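Participant: Submitted below is the structure of interest, expressed as structure tokens.
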Amino acid sequence: KTFPALHRIGAPVGNYLLNDLAALKRHKLLILSNTFAPSDAERSALEKLKSDGRVVLFNYASGLYKNGQLNLEAMEEFTGIKMKQLDAPVELTVELGDDKNVPKQLRGTQYGSGRNVTPVFVPDDRKAKVLGRLPDGSPGLVMKKFRDWTAVYSVAPINDRDVLRWLAEQAGVH
């Protein structure tokens with residue numbers, strides 16, 4: 001559901017495979033969907049892209065599997081954000097909060113699939129700013145700034161054009 005909204009943000013968009021990461025050096029915003037089990041080579045390629053002010057958006061369970069094993073530490077290593085696992089079903093709907101880091105026009109915006117899912121992997125990182133929450137109050141969208149890049153993690157797929165446009169603006173996309 002992200003792709004139709006993505007093509008309506010008013011900025012150039014390209015679709016690539018995960019094994020194309022090494023070729024994406026000029027891109028300012030990377031949206032990594034379905035990256036549950038990146039290879040060591042893909043992990044290494046992403047590490048090289050965590051620079052130049054780039055914004056990297058990770059979605060549900062990005063980097064969760066390493067060497068065929070569920071591994072929350074590998075997820076943190078991949079995304080730069082500490083995570084925890086929730087075992088109770090949670091509706092994958094994120095509502096943006098009334099936070100100074102969220103533009104006024106986006107406050108209250110909801111996005112996601114609306115489906116109950118288990119397990120759910122949510123941010124548990126004090127250094128990450130919570131921008132949106134799941135219905136159970138858990139962080140659903142966070143942003144964590146590093147010296148040379150910014151990590152964004154969304155528990156639910158971002159299928160809202162305006163939220164994607166705002167992330168593109170954060171990355172400096174024209």
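Starting from 1 in every chain, residues are counted up; chains themselves are A, B, ... following the order of the structure tokens, and ligands are numbered from 1 as listed.
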Applying 8 Å and only C-alpha atoms, which residues near Thr79 (chain A) remain after dropping the ones on its own chain fewer than 4 positions away? List them as a PyMOL selection string.
Facilitator: chain A and resi 58+62-63+75+151+153
Participant: Extract, using only C-alpha atoms, all DNA, RNA and protein residues at most 7 Å from Leu92 (chain A), discarding same-chain residues fewer than 6 positions from it, and format them as a ChimeraX atom specification.
Facilitator: /A:112-117,134,155-156
Participant: Those same residues - all heavy atoms - I'd like them written as an mmCIF file, in the first residue's frame.
Facilitator:
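The resulting again.cif:
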```
data_model
loop_
_atom_site.group_PDB
_atom_site.id
_atom_site.type_symbol
_atom_site.label_atom_id
_atom_site.label_comp_id
_atom_site.auth_asym_id
_atom_site.auth_seq_id
_atom_site.Cartn_x
_atom_site.Cartn_y
_atom_site.Cartn_z
ATOM 1 N N GLY A 112 -1.711 2.966 8.034
ATOM 2 C CA GLY A 112 -1.415 1.571 8.353
ATOM 3 C C GLY A 112 -2.407 0.626 7.716
ATOM 4 O O GLY A 112 -3.265 1.025 6.936
ATOM 5 N N SER A 113 -2.296 -0.632 8.079
ATOM 6 C CA SER A 113 -3.155 -1.661 7.485
ATOM 7 C C SER A 113 -4.435 -1.881 8.278
ATOM 8 O O SER A 113 -5.408 -2.404 7.750
ATOM 9 C CB SER A 113 -2.390 -2.990 7.400
ATOM 10 O OG SER A 113 -2.165 -3.503 8.704
ATOM 11 N N GLY A 114 -4.425 -1.517 9.562
ATOM 12 C CA GLY A 114 -5.600 -1.728 10.392
ATOM 13 C C GLY A 114 -5.779 -3.170 10.840
ATOM 14 O O GLY A 114 -6.737 -3.491 11.519
ATOM 15 N N ARG A 115 -4.852 -4.026 10.478
ATOM 16 C CA ARG A 115 -4.948 -5.445 10.836
ATOM 17 C C ARG A 115 -4.270 -5.719 12.166
ATOM 18 O O ARG A 115 -3.271 -5.094 12.506
ATOM 19 C CB ARG A 115 -4.293 -6.300 9.762
ATOM 20 C CG ARG A 115 -5.018 -6.209 8.459
ATOM 21 C CD ARG A 115 -4.475 -7.200 7.482
ATOM 22 N NE ARG A 115 -5.308 -7.147 6.287
ATOM 23 C CZ ARG A 115 -4.960 -7.645 5.149
ATOM 24 N NH1 ARG A 115 -3.806 -8.241 5.022
ATOM 25 N NH2 ARG A 115 -5.766 -7.573 4.121
ATOM 26 N N ASN A 116 -4.817 -6.675 12.892
ATOM 27 C CA ASN A 116 -4.181 -7.126 14.123
ATOM 28 C C ASN A 116 -3.078 -8.103 13.764
ATOM 29 O O ASN A 116 -3.291 -9.034 12.978
ATOM 30 C CB ASN A 116 -5.192 -7.793 15.048
ATOM 31 C CG ASN A 116 -6.104 -6.782 15.698
ATOM 32 O OD1 ASN A 116 -5.689 -5.662 15.973
ATOM 33 N ND2 ASN A 116 -7.331 -7.160 15.949
ATOM 34 N N VAL A 117 -1.906 -7.881 14.333
ATOM 35 C CA VAL A 117 -0.727 -8.675 14.013
ATOM 36 C C VAL A 117 -0.026 -9.074 15.304
ATOM 37 O O VAL A 117 -0.031 -8.334 16.274
ATOM 38 C CB VAL A 117 0.246 -7.852 13.129
ATOM 39 C CG1 VAL A 117 1.528 -8.606 12.861
ATOM 40 C CG2 VAL A 117 -0.421 -7.467 11.827
ATOM 41 N N LEU A 134 0.749 3.435 18.274
ATOM 42 C CA LEU A 134 -0.220 2.386 17.954
ATOM 43 C C LEU A 134 -1.413 2.525 18.892
ATOM 44 O O LEU A 134 -1.323 3.216 19.922
ATOM 45 C CB LEU A 134 0.435 1.017 18.126
ATOM 46 C CG LEU A 134 1.593 0.714 17.173
ATOM 47 C CD1 LEU A 134 2.338 -0.545 17.613
ATOM 48 C CD2 LEU A 134 1.088 0.563 15.753
ATOM 49 N N VAL A 155 6.140 0.946 12.499
ATOM 50 C CA VAL A 155 5.618 -0.403 12.724
ATOM 51 C C VAL A 155 4.656 -0.777 11.611
ATOM 52 O O VAL A 155 4.647 -1.920 11.149
ATOM 53 C CB VAL A 155 4.931 -0.491 14.108
ATOM 54 C CG1 VAL A 155 4.301 -1.855 14.310
ATOM 55 C CG2 VAL A 155 5.928 -0.193 15.215
ATOM 56 N N ALA A 156 3.864 0.165 11.151
ATOM 57 C CA ALA A 156 2.867 -0.079 10.095
ATOM 58 C C ALA A 156 3.364 0.490 8.770
ATOM 59 O O ALA A 156 4.164 1.428 8.751
ATOM 60 C CB ALA A 156 1.554 0.596 10.474
#
```
Participant: So, with only C-alpha atoms as the atoms that count, which of A:Ala74, A:Leu131, A:Ala22, A:Leu86 lies closest to Lys100 (chain A)?
Facilitator: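 Looking only at the distances to Lys100 (chain A), the closest residue turns out to be A:Leu131.
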Participant: For each of A:Arg8, A:Lys66, A:His174, A:Lys82, take the minimum atom-to-atom distance to Arg43 (chain A), counting only C-alpha atoms, then give the residue where this is smallest.
Facilitator: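 Counting only C-alpha atoms, the residue closest to Arg43 (chain A) is A:Lys66.
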Participant: Mind checking which residues fall within 12 Å of Phe146 (chain A), counting only C-alpha atoms, ignoring those fewer than 3 positions away in the same chain, and posting them as a CSV table (one decimal) with C-alpha atoms, in the first residue's frame?
Facilitator:
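Output contents, as saved in result-v2.csv:
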```
chain,number,residue,atom,x,y,z
A,50,LYS,CA,24.2,5.7,6.6
A,51,SER,CA,25.8,9.0,5.8
A,52,ASP,CA,25.5,12.3,3.9
A,53,GLY,CA,22.4,13.5,5.8
A,54,ARG,CA,20.4,10.6,4.3
A,55,VAL,CA,17.1,9.5,5.8
A,56,VAL,CA,16.4,5.8,5.9
A,79,THR,CA,18.0,0.1,11.9
A,80,GLY,CA,20.0,1.9,14.5
A,81,ILE,CA,17.0,1.7,16.9
A,127,LYS,CA,17.1,8.5,22.0
A,128,ALA,CA,14.4,8.1,19.4
A,143,MET,CA,12.9,9.2,14.3
A,149,TRP,CA,22.1,10.2,8.9
A,150,THR,CA,18.5,9.8,10.3
A,151,ALA,CA,16.7,6.5,11.0
A,152,VAL,CA,12.9,6.4,10.9
```
Participant: Determine which residues of region 52-99 of chain A DSSP labels as strand (DSSP E or B) from the backbone of this structure, then write them out as an mmCIF file with C-alpha atoms, in the first residue's frame.
Facilitator:
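Written file, states_33.cif:
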```
data_model
loop_
_atom_site.group_PDB
_atom_site.id
_atom_site.type_symbol
_atom_site.label_atom_id
_atom_site.label_comp_id
_atom_site.auth_asym_id
_atom_site.auth_seq_id
_atom_site.Cartn_x
_atom_site.Cartn_y
_atom_site.Cartn_z
ATOM 1 C CA ARG A 54 20.402 10.608 4.318
ATOM 2 C CA VAL A 55 17.061 9.523 5.837
ATOM 3 C CA VAL A 56 16.406 5.780 5.926
ATOM 4 C CA LEU A 57 12.840 4.615 6.585
ATOM 5 C CA PHE A 58 12.558 1.094 7.964
ATOM 6 C CA ASN A 59 9.261 -0.754 8.164
ATOM 7 C CA TYR A 65 16.456 -12.262 10.917
ATOM 8 C CA LYS A 66 20.171 -12.884 10.800
ATOM 9 C CA GLN A 69 17.435 -16.706 13.524
ATOM 10 C CA LEU A 70 15.043 -14.112 14.937
ATOM 11 C CA MET A 83 13.466 -2.661 19.703
ATOM 12 C CA LYS A 84 11.299 -4.880 21.827
ATOM 13 C CA GLN A 85 8.817 -7.570 20.931
ATOM 14 C CA LEU A 86 5.135 -7.419 21.866
ATOM 15 C CA VAL A 90 -1.731 -5.123 18.052
ATOM 16 C CA GLU A 91 -3.641 -3.245 15.358
ATOM 17 C CA LEU A 92 -1.182 -1.887 12.789
ATOM 18 C CA THR A 93 -2.548 1.641 12.718
ATOM 19 C CA VAL A 94 -0.301 4.552 13.665
ATOM 20 C CA GLU A 95 -1.668 7.922 14.702
ATOM 21 C CA LEU A 96 0.718 10.866 14.587
#
```
Participant: In Å to one decimal, how far is CA of Ser39 (chain A) from CA of Leu24 (chain A)?
Facilitator: 17.1 Å
Participant: Can you tell me, as an MDAnalysis selection string, what residues are no more than 8 Å from Gly97 (chain A) when counting only C-alpha atoms, ignoring any on the same chain fewer than 4 positions away?
Facilitator: chainID A and resid 102 107:108 131:133
Participant: With only C-alpha atoms as the basis for distance, which of A:Lys144, A:Tyr111, A:Ala23, A:Ser33 is at the shortest distance from Arg126 (chain A)?
Facilitator: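 Going through A:Lys144, A:Tyr111, A:Ala23, A:Ser33 one by one, the smallest distance to Arg126 (chain A) is for A:Lys144.
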Participant: Would you mind reading off the distance between CA of Asp98 (chain A) and CA of Leu32 (chain A), one decimal, in Å?
Facilitator: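 Between CA of Asp98 (chain A) and CA of Leu32 (chain A) the gap works out to 26.2 Å.
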Participant: With distances taken over only C-alpha atoms, which residue among A:Arg147, A:Ala45, A:His27, A:Asp136 lies nearest Gly172 (chain A)?
Facilitator: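 Of A:Arg147, A:Ala45, A:His27, A:Asp136, the one nearest Gly172 (chain A), counting only C-alpha atoms, is A:His27.
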Participant: Rank nothing, just name the residue among A:Asp40, A:Asp162, A:Asp99, A:Asp148 nearest to Phe78 (chain A), using only C-alpha atoms.
Facilitator: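 Among the listed residues, A:Asp40 lies closest to Phe78 (chain A).
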Participant: Using DSSP assignments from the backbone, pull out every residue in chain A that falls under alpha helix (DSSP H) and give it to me as a ChimeraX atom specification.
Facilitator: /A:2-6,40-49,72-79,161-171
Participant: Only N, CA, C and O atoms, please: the residues just picked out, written as a short mmCIF file (atom, residue, chain, number, x, y, z; two decimals), in the first residue's frame.
Facilitator:
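Full text of again_3.cif as output:
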```
data_model
loop_
_atom_site.label_atom_id
_atom_site.label_comp_id
_atom_site.auth_asym_id
_atom_site.auth_seq_id
_atom_site.Cartn_x
_atom_site.Cartn_y
_atom_site.Cartn_z
N THR A 2 2.13 1.14 0.30
CA THR A 2 2.99 2.32 0.32
C THR A 2 3.21 2.86 -1.08
O THR A 2 3.26 4.07 -1.28
N PHE A 3 3.32 1.97 -2.06
CA PHE A 3 3.73 2.42 -3.40
C PHE A 3 2.78 3.40 -4.07
O PHE A 3 3.25 4.39 -4.60
N PRO A 4 1.45 3.21 -4.07
CA PRO A 4 0.59 4.23 -4.70
C PRO A 4 0.76 5.60 -4.05
O PRO A 4 0.84 6.61 -4.74
N ALA A 5 0.82 5.66 -2.73
CA ALA A 5 1.00 6.94 -2.04
C ALA A 5 2.36 7.54 -2.35
O ALA A 5 2.49 8.75 -2.53
N LEU A 6 3.37 6.72 -2.44
CA LEU A 6 4.73 7.19 -2.70
C LEU A 6 4.82 7.90 -4.05
O LEU A 6 5.50 8.91 -4.18
N ASP A 40 24.36 -10.55 4.73
CA ASP A 40 25.50 -9.80 5.27
C ASP A 40 25.96 -8.74 4.27
O ASP A 40 26.32 -7.63 4.67
N ALA A 41 25.93 -9.05 2.99
CA ALA A 41 26.34 -8.08 1.96
C ALA A 41 25.37 -6.90 1.92
O ALA A 41 25.79 -5.74 1.78
N GLU A 42 24.08 -7.16 2.07
CA GLU A 42 23.08 -6.08 2.06
C GLU A 42 23.21 -5.23 3.33
O GLU A 42 23.09 -4.00 3.26
N ARG A 43 23.49 -5.86 4.44
CA ARG A 43 23.72 -5.11 5.69
C ARG A 43 24.93 -4.19 5.54
O ARG A 43 24.91 -3.03 5.94
N SER A 44 25.98 -4.72 4.94
CA SER A 44 27.21 -3.94 4.73
C SER A 44 26.96 -2.77 3.79
O SER A 44 27.42 -1.65 4.02
N ALA A 45 26.21 -3.01 2.72
CA ALA A 45 25.90 -1.95 1.76
C ALA A 45 25.08 -0.84 2.43
O ALA A 45 25.31 0.34 2.18
N LEU A 46 24.15 -1.22 3.30
CA LEU A 46 23.36 -0.22 4.00
C LEU A 46 24.23 0.60 4.95
O LEU A 46 24.06 1.82 5.04
N GLU A 47 25.16 -0.03 5.63
CA GLU A 47 26.05 0.70 6.55
C GLU A 47 26.77 1.83 5.81
O GLU A 47 26.95 2.91 6.36
N LYS A 48 27.16 1.59 4.58
CA LYS A 48 27.86 2.61 3.79
C LYS A 48 26.93 3.76 3.41
O LYS A 48 27.39 4.86 3.11
N LEU A 49 25.62 3.52 3.41
CA LEU A 49 24.66 4.56 3.05
C LEU A 49 24.18 5.37 4.26
O LEU A 49 23.44 6.34 4.11
N LEU A 72 16.64 -9.68 17.82
CA LEU A 72 16.35 -8.25 18.04
C LEU A 72 17.61 -7.40 17.99
O LEU A 72 17.56 -6.24 17.56
N GLU A 73 18.74 -7.94 18.41
CA GLU A 73 19.99 -7.18 18.33
C GLU A 73 20.38 -6.92 16.87
O GLU A 73 20.90 -5.85 16.54
N ALA A 74 20.13 -7.88 16.00
CA ALA A 74 20.41 -7.69 14.57
C ALA A 74 19.49 -6.63 13.99
O ALA A 74 19.89 -5.86 13.12
N MET A 75 18.27 -6.56 14.51
CA MET A 75 17.33 -5.53 14.06
C MET A 75 17.82 -4.16 14.48
O MET A 75 17.80 -3.21 13.68
N GLU A 76 18.31 -4.04 15.71
CA GLU A 76 18.87 -2.77 16.17
C GLU A 76 20.11 -2.39 15.36
O GLU A 76 20.28 -1.23 14.97
N GLU A 77 20.95 -3.36 15.09
CA GLU A 77 22.16 -3.13 14.29
C GLU A 77 21.79 -2.62 12.90
O GLU A 77 22.41 -1.70 12.38
N PHE A 78 20.74 -3.18 12.32
CA PHE A 78 20.31 -2.81 10.97
C PHE A 78 19.66 -1.43 10.94
O PHE A 78 19.97 -0.61 10.07
N THR A 79 18.77 -1.16 11.91
CA THR A 79 17.99 0.08 11.89
C THR A 79 18.62 1.21 12.69
O THR A 79 18.28 2.38 12.48
N ARG A 161 0.20 9.71 1.72
CA ARG A 161 1.02 10.55 0.85
C ARG A 161 1.67 11.71 1.60
O ARG A 161 2.84 12.02 1.41
N ASP A 162 0.93 12.36 2.47
CA ASP A 162 1.45 13.53 3.16
C ASP A 162 2.55 13.18 4.15
O ASP A 162 3.51 13.94 4.33
N VAL A 163 2.44 12.04 4.80
CA VAL A 163 3.49 11.60 5.72
C VAL A 163 4.76 11.28 4.93
O VAL A 163 5.86 11.68 5.30
N LEU A 164 4.61 10.58 3.80
CA LEU A 164 5.76 10.27 2.95
C LEU A 164 6.39 11.55 2.39
O LEU A 164 7.61 11.67 2.33
N ARG A 165 5.57 12.51 2.01
CA ARG A 165 6.08 13.79 1.50
C ARG A 165 6.89 14.51 2.58
O ARG A 165 7.95 15.04 2.33
N TRP A 166 6.40 14.50 3.81
CA TRP A 166 7.10 15.13 4.92
C TRP A 166 8.45 14.45 5.16
O TRP A 166 9.47 15.12 5.36
N LEU A 167 8.49 13.13 5.09
CA LEU A 167 9.78 12.42 5.25
C LEU A 167 10.75 12.78 4.13
O LEU A 167 11.94 12.95 4.36
N ALA A 168 10.22 12.92 2.92
CA ALA A 168 11.06 13.33 1.80
C ALA A 168 11.62 14.74 2.04
O ALA A 168 12.80 15.00 1.77
N GLU A 169 10.81 15.63 2.58
CA GLU A 169 11.29 16.97 2.91
C GLU A 169 12.37 16.92 3.97
O GLU A 169 13.36 17.67 3.91
N GLN A 170 12.20 16.04 4.97
CA GLN A 170 13.22 15.89 6.01
C GLN A 170 14.56 15.46 5.43
O GLN A 170 15.62 15.80 5.96
N ALA A 171 14.50 14.70 4.34
CA ALA A 171 15.71 14.20 3.69
C ALA A 171 16.29 15.21 2.71
O ALA A 171 17.37 14.98 2.16
#
```
Participant: So, with only C-alpha atoms as the atoms that count, which of A:Lys145, A:Lys25, A:Ala37, A:Asn15 lies closest to Asn71 (chain A)?
Facilitator: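 Checking each of A:Lys145, A:Lys25, A:Ala37, A:Asn15 against Asn71 (chain A), counting only C-alpha atoms, the winner is A:Ala37.
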